[in-house]
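K.L.:
Pasting a structure below so you can have a look.
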Amino acid sequence: ILCNLVKNNFCRLTSQFSVKMRLGIITDIHENFKVLETVLRLAGNARCDNIACLGDIVGYDNRFAGWSFSRSASRCISLIRSSCKWVVAGNHDLFAASRQPSWANGFTYPGNWFTLTSEERAAVSADMVWTYGTEIPGDLKDEDMEYLRSLPEYLIVNDATPGILLSHYVCPDFSGSTTRRVMKQRHLGDLWGFMNHHGIKLSLSGHFHKPHASFAHRHTLPFFRAIHSVPGERIFLGDDITMVLLPPVTGVKGRTSFALLDTDSGILSLVHERT
C-alpha cells in the first residue's frame, strides 16, 4: 500500500504551489543549541529562502540527559528569533510560559494547574493531557518568556499558494498538549475540514519524535491506517490534501534532522547529520 501511495504521488508530481520557495522546516529542539546551530548551518548550505520552526524550542527532561552540556533554552530562543520567519508554539513551549492550550480534548485545566506539583497534575489529568512530571527548569529570561507567550499555536503561510499549515501537532490539538495520538482516519476529520475551509493543501507538523517522516492523505480509504511512515529521504507531494509529520532536530537517538520543501518541484526532502 505504501509503495503504491508513493508511486501514485510520483506519477502525479506537479508543483501545487504558485510561488517558488525553498522552505526549511525545523521542529522539536528541546533546548539543544548545538544541534540547532548545526541545523541552521545545514539550512544555509541548502540555500533556504525562509525557515519555519514547528515548536518545542524548550522543554528538557530525562530523555535528553545526554545533551546537558549543550543545553540552553535562552540561546535556542535567540537563534530561532534571528533565523526563523515563522514560529509556532509546541506543548513544552506553552507549559514553560504557563499557557493553557486552546484545545484539551474535553479536559478542563484547574486554575492552579501551573502551581501544582507534578504528582498533583498527574492525579487530576486523567491521562488526558501531558503533565510534564520530569521537566527540568532551564535558563529562560523574562524576555524569553514573553516571546513564548506571544507564539501562535498555528500559522497559515500564504507566501505560497495554496497556503501551508504550520503547527506542532495535528488540528485540533495544534500544540500537542493532549495525550491523544492520531492514528486513524477518523482522527483526521477536523484537520481535513480545517484545511479545506482555508484552502490549504499541505499541513506540516512535528511532535512525533520518529526518525523518519510520516504522512497521511485526505482520500485514504477509511479502513486503512491513516499515518504511513516514509522510509526514504524524499516525499513527492501530489494534488491531494496531505499532512506530514516531521522528525525532530533533537532526536532521542542523537540524529539531527530538518526538512526542506521545494515548492517549485513539490518535493519535501529530509536532511540528516549525525551528532
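To be explicit about the labels: the chains of the C-alpha cells are called A, B, and onward in the order shown, and within each one the residues are counted from 1, while ligands get numbers from 1 in the order they are shown.
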Would you please give, as JSON, numbers by chain, all residues of range 109-230 of chain A that DSSP assigns to strand (DSSP E or B) based on the backbone?
P.N.:
{"A": [129, 154, 155, 156, 157, 163, 164, 165, 166, 167, 178, 200, 201, 202, 203, 204, 205, 214, 215, 216, 217, 228, 229]}
K.L.:
Based on DSSP run over this structure's backbone, return all residues of range 22-229 of chain A in helix (DSSP H, G or I), as a PyMOL selection string.
P.N.:
chain A and resi 33-45+62-70+73-83+91-96+113-115+118-125+142-150+185-198
K.L.:
Would you mind exporting the chosen residues as a PDB file, in the first residue's frame, restricted to C-alpha atoms?
P.N.:
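New file out.pdb:
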```pdb
ATOM      1  CA  PHE A  33      21.607  24.817  20.981  1.00  0.00           C
ATOM      2  CA  LYS A  34      24.469  22.784  19.484  1.00  0.00           C
ATOM      3  CA  VAL A  35      22.252  20.754  17.177  1.00  0.00           C
ATOM      4  CA  LEU A  36      20.187  23.839  16.418  1.00  0.00           C
ATOM      5  CA  GLU A  37      23.326  25.638  15.271  1.00  0.00           C
ATOM      6  CA  THR A  38      24.171  22.602  13.115  1.00  0.00           C
ATOM      7  CA  VAL A  39      20.722  22.524  11.550  1.00  0.00           C
ATOM      8  CA  LEU A  40      20.748  26.244  10.812  1.00  0.00           C
ATOM      9  CA  ARG A  41      24.128  25.820   9.126  1.00  0.00           C
ATOM     10  CA  LEU A  42      22.732  22.955   7.037  1.00  0.00           C
ATOM     11  CA  ALA A  43      19.723  25.089   6.120  1.00  0.00           C
ATOM     12  CA  GLY A  44      22.073  27.844   4.990  1.00  0.00           C
ATOM     13  CA  ASN A  45      24.047  25.370   2.880  1.00  0.00           C
ATOM     14  CA  ASN A  62      15.414  12.797  31.202  1.00  0.00           C
ATOM     15  CA  ARG A  63      15.028  11.739  27.536  1.00  0.00           C
ATOM     16  CA  PHE A  64      17.613  14.347  26.625  1.00  0.00           C
ATOM     17  CA  ALA A  65      20.044  13.833  29.506  1.00  0.00           C
ATOM     18  CA  GLY A  66      22.912  13.259  27.084  1.00  0.00           C
ATOM     19  CA  TRP A  67      22.606  16.845  25.835  1.00  0.00           C
ATOM     20  CA  SER A  68      23.059  18.637  29.153  1.00  0.00           C
ATOM     21  CA  PHE A  69      26.424  20.050  28.020  1.00  0.00           C
ATOM     22  CA  SER A  70      24.766  21.839  25.075  1.00  0.00           C
ATOM     23  CA  ALA A  73      16.648  27.373  26.328  1.00  0.00           C
ATOM     24  CA  SER A  74      17.511  31.074  26.156  1.00  0.00           C
ATOM     25  CA  ARG A  75      20.176  30.586  23.499  1.00  0.00           C
ATOM     26  CA  CYS A  76      17.833  28.431  21.421  1.00  0.00           C
ATOM     27  CA  ILE A  77      15.147  31.107  21.529  1.00  0.00           C
ATOM     28  CA  SER A  78      17.684  33.732  20.455  1.00  0.00           C
ATOM     29  CA  LEU A  79      18.718  31.579  17.467  1.00  0.00           C
ATOM     30  CA  ILE A  80      15.106  30.943  16.495  1.00  0.00           C
ATOM     31  CA  ARG A  81      14.188  34.606  16.711  1.00  0.00           C
ATOM     32  CA  SER A  82      17.085  35.620  14.486  1.00  0.00           C
ATOM     33  CA  SER A  83      16.724  32.795  11.938  1.00  0.00           C
ATOM     34  CA  ASN A  91       3.243  21.854  24.099  1.00  0.00           C
ATOM     35  CA  HIS A  92       6.518  22.299  26.030  1.00  0.00           C
ATOM     36  CA  ASP A  93       6.675  25.959  24.985  1.00  0.00           C
ATOM     37  CA  LEU A  94       3.157  26.523  26.317  1.00  0.00           C
ATOM     38  CA  PHE A  95       3.956  24.808  29.590  1.00  0.00           C
ATOM     39  CA  ALA A  96       7.167  26.801  30.086  1.00  0.00           C
ATOM     40  CA  TRP A 113      -2.506  23.964  37.138  1.00  0.00           C
ATOM     41  CA  PHE A 114       0.903  25.594  36.829  1.00  0.00           C
ATOM     42  CA  THR A 115       1.460  25.856  40.587  1.00  0.00           C
ATOM     43  CA  SER A 118       3.900  17.127  39.017  1.00  0.00           C
ATOM     44  CA  GLU A 119       2.261  14.477  41.205  1.00  0.00           C
ATOM     45  CA  GLU A 120      -0.801  16.672  41.712  1.00  0.00           C
ATOM     46  CA  ARG A 121      -1.058  17.374  37.983  1.00  0.00           C
ATOM     47  CA  ALA A 122      -0.844  13.652  37.246  1.00  0.00           C
ATOM     48  CA  ALA A 123      -3.601  12.950  39.758  1.00  0.00           C
ATOM     49  CA  VAL A 124      -6.088  15.345  38.145  1.00  0.00           C
ATOM     50  CA  SER A 125      -5.116  14.901  34.473  1.00  0.00           C
ATOM     51  CA  ASP A 142      11.868  37.338  31.197  1.00  0.00           C
ATOM     52  CA  GLU A 143      12.106  38.337  27.531  1.00  0.00           C
ATOM     53  CA  ASP A 144      12.211  34.653  26.548  1.00  0.00           C
ATOM     54  CA  MET A 145       9.030  34.009  28.482  1.00  0.00           C
ATOM     55  CA  GLU A 146       7.331  36.944  26.779  1.00  0.00           C
ATOM     56  CA  TYR A 147       8.361  35.563  23.405  1.00  0.00           C
ATOM     57  CA  LEU A 148       6.939  32.109  24.210  1.00  0.00           C
ATOM     58  CA  ARG A 149       3.701  33.730  25.351  1.00  0.00           C
ATOM     59  CA  SER A 150       3.435  35.545  22.015  1.00  0.00           C
ATOM     60  CA  GLN A 185      -8.655   8.427   9.530  1.00  0.00           C
ATOM     61  CA  ARG A 186     -11.436   9.378  11.961  1.00  0.00           C
ATOM     62  CA  HIS A 187      -8.820  11.285  13.983  1.00  0.00           C
ATOM     63  CA  LEU A 188      -8.067  13.456  10.948  1.00  0.00           C
ATOM     64  CA  GLY A 189     -11.569  14.694  10.169  1.00  0.00           C
ATOM     65  CA  ASP A 190     -11.061  18.032  11.917  1.00  0.00           C
ATOM     66  CA  LEU A 191      -7.762  18.578  10.100  1.00  0.00           C
ATOM     67  CA  TRP A 192      -9.188  17.865   6.638  1.00  0.00           C
ATOM     68  CA  GLY A 193     -12.142  20.144   7.358  1.00  0.00           C
ATOM     69  CA  PHE A 194      -9.873  22.951   8.586  1.00  0.00           C
ATOM     70  CA  MET A 195      -7.581  22.654   5.559  1.00  0.00           C
ATOM     71  CA  ASN A 196     -10.469  22.543   3.111  1.00  0.00           C
ATOM     72  CA  HIS A 197     -12.081  25.608   4.721  1.00  0.00           C
ATOM     73  CA  HIS A 198      -8.857  27.630   4.480  1.00  0.00           C
TER      74      HIS A 198
END
```
K.L.:
Find the residues near Met128 in chain A: any atom within 10 Å, counting only C-alpha atoms, skip ones fewer than 2 places away on the same chain, and give them as a short mmCIF file (atom, residue, chain, number, x, y, z; two decimals) with C-alpha atoms, in the first residue's frame.
P.N.:
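Final output, saved to result37.cif:
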```
data_model
loop_
_atom_site.label_atom_id
_atom_site.label_comp_id
_atom_site.auth_asym_id
_atom_site.auth_seq_id
_atom_site.Cartn_x
_atom_site.Cartn_y
_atom_site.Cartn_z
CA ALA A 104 -7.75 19.97 25.59
CA ASN A 105 -9.97 17.13 24.28
CA GLY A 106 -12.60 17.74 26.95
CA PHE A 107 -10.21 18.18 29.86
CA THR A 108 -10.67 21.29 32.00
CA ALA A 122 -0.84 13.65 37.25
CA VAL A 124 -6.09 15.35 38.15
CA SER A 125 -5.12 14.90 34.47
CA ALA A 126 -6.97 11.58 33.97
CA TRP A 130 0.63 15.89 29.41
CA THR A 131 1.71 16.66 32.95
CA SER A 177 -0.79 19.22 24.62
CA THR A 178 -3.12 16.22 24.92
CA THR A 179 -2.18 12.57 25.05
CA ARG A 180 -4.43 11.75 22.08
#
```
K.L.:
Determine the nearest neighbour of Gly163 in chain A from the options A:Ile57, A:Val19, A:Ala216, A:Ile136, counting only C-alpha atoms.
P.N.:
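Residue with the minimum atom-to-atom distance to Gly163 in chain A: A:Val19.
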K.L.:
Just checking: using only C-alpha atoms, which residue out of A:Pro231, A:Pro248, A:Pro137, A:Gly55 ends up closest to Leu166 in chain A?
P.N.:
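Comparing A:Pro231, A:Pro248, A:Pro137, A:Gly55 against Leu166 in chain A, the winner is A:Gly55.
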K.L.:
Find the residues near His168 in chain A: any atom within 10 Å, counting only C-alpha atoms, skip ones fewer than 3 places away on the same chain, and give them as an mmCIF file with C-alpha atoms, in the first residue's frame.
P.N.:
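Saved to part_25.cif:
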```cif
data_model
loop_
_atom_site.group_PDB
_atom_site.id
_atom_site.type_symbol
_atom_site.label_atom_id
_atom_site.label_comp_id
_atom_site.auth_asym_id
_atom_site.auth_seq_id
_atom_site.Cartn_x
_atom_site.Cartn_y
_atom_site.Cartn_z
ATOM 1 C CA THR A 27 10.908 21.138 14.981
ATOM 2 C CA ASP A 28 11.469 19.762 18.490
ATOM 3 C CA CYS A 53 10.001 26.359 13.380
ATOM 4 C CA LEU A 54 7.213 23.997 14.455
ATOM 5 C CA GLY A 55 7.677 24.376 18.189
ATOM 6 C CA ASP A 56 9.104 22.734 21.293
ATOM 7 C CA VAL A 87 7.373 30.063 14.546
ATOM 8 C CA VAL A 88 4.549 28.236 16.328
ATOM 9 C CA ALA A 89 4.297 27.007 19.915
ATOM 10 C CA GLY A 90 4.644 23.387 20.938
ATOM 11 C CA ASN A 91 3.243 21.854 24.099
ATOM 12 C CA GLU A 153 -0.461 27.623 18.048
ATOM 13 C CA TYR A 154 -0.676 27.503 14.263
ATOM 14 C CA CYS A 171 -5.639 20.011 14.347
ATOM 15 C CA ASP A 173 -4.612 19.648 19.032
ATOM 16 C CA PHE A 174 -2.350 22.163 17.324
ATOM 17 C CA SER A 175 0.133 22.339 20.209
ATOM 18 C CA GLY A 176 0.229 18.606 21.011
ATOM 19 C CA SER A 177 -0.785 19.219 24.620
ATOM 20 C CA LEU A 204 3.426 20.283 8.364
ATOM 21 C CA SER A 205 3.832 19.206 11.999
ATOM 22 C CA GLY A 206 6.390 17.686 14.371
ATOM 23 C CA HIS A 207 5.890 16.295 17.896
ATOM 24 C CA PHE A 208 6.095 12.649 16.754
ATOM 25 C CA LEU A 245 4.802 14.651 10.481
ATOM 26 C CA LEU A 246 8.489 15.555 10.517
#
```
K.L.:
Nearest to Val271 in chain A: which of A:Phe236, A:His212, A:Asn158, A:Pro110 is it, counting only C-alpha atoms?
P.N.:
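When distances to Val271 in chain A are compared using only C-alpha atoms, the smallest one comes from A:His212.
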K.L.:
So the first atom is CA of Ile164 in chain A and the second is CA of Phe17 in chain A; what is the distance between them in Å, to one decimal place?
P.N.:
9.5 Å
K.L.:
Within 8 Å of Leu268 in chain A, counting only C-alpha atoms, which residues show up once you throw out same-chain ones fewer than 4 positions away? Write them as a list of chain:residue names, please.
P.N.:
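Contacts, in chain order: A:Arg234, A:Ile235, A:Phe236, A:Leu237, A:Ala259, A:Leu260, A:Leu261, A:Asp262.
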K.L.:
Could you check the closest approach to Met243 in chain A for each of A:His272, A:Arg47, A:Lys201, A:His209 and tell me which residue wins, using only C-alpha atoms?
P.N.:
A:Lys201
K.L.:
Counting only C-alpha atoms, which of A:Met183, A:Ser167, A:Phe258, A:Gly266 gets nearest to Ala46 in chain A?
P.N.:
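Closest candidate: A:Phe258.
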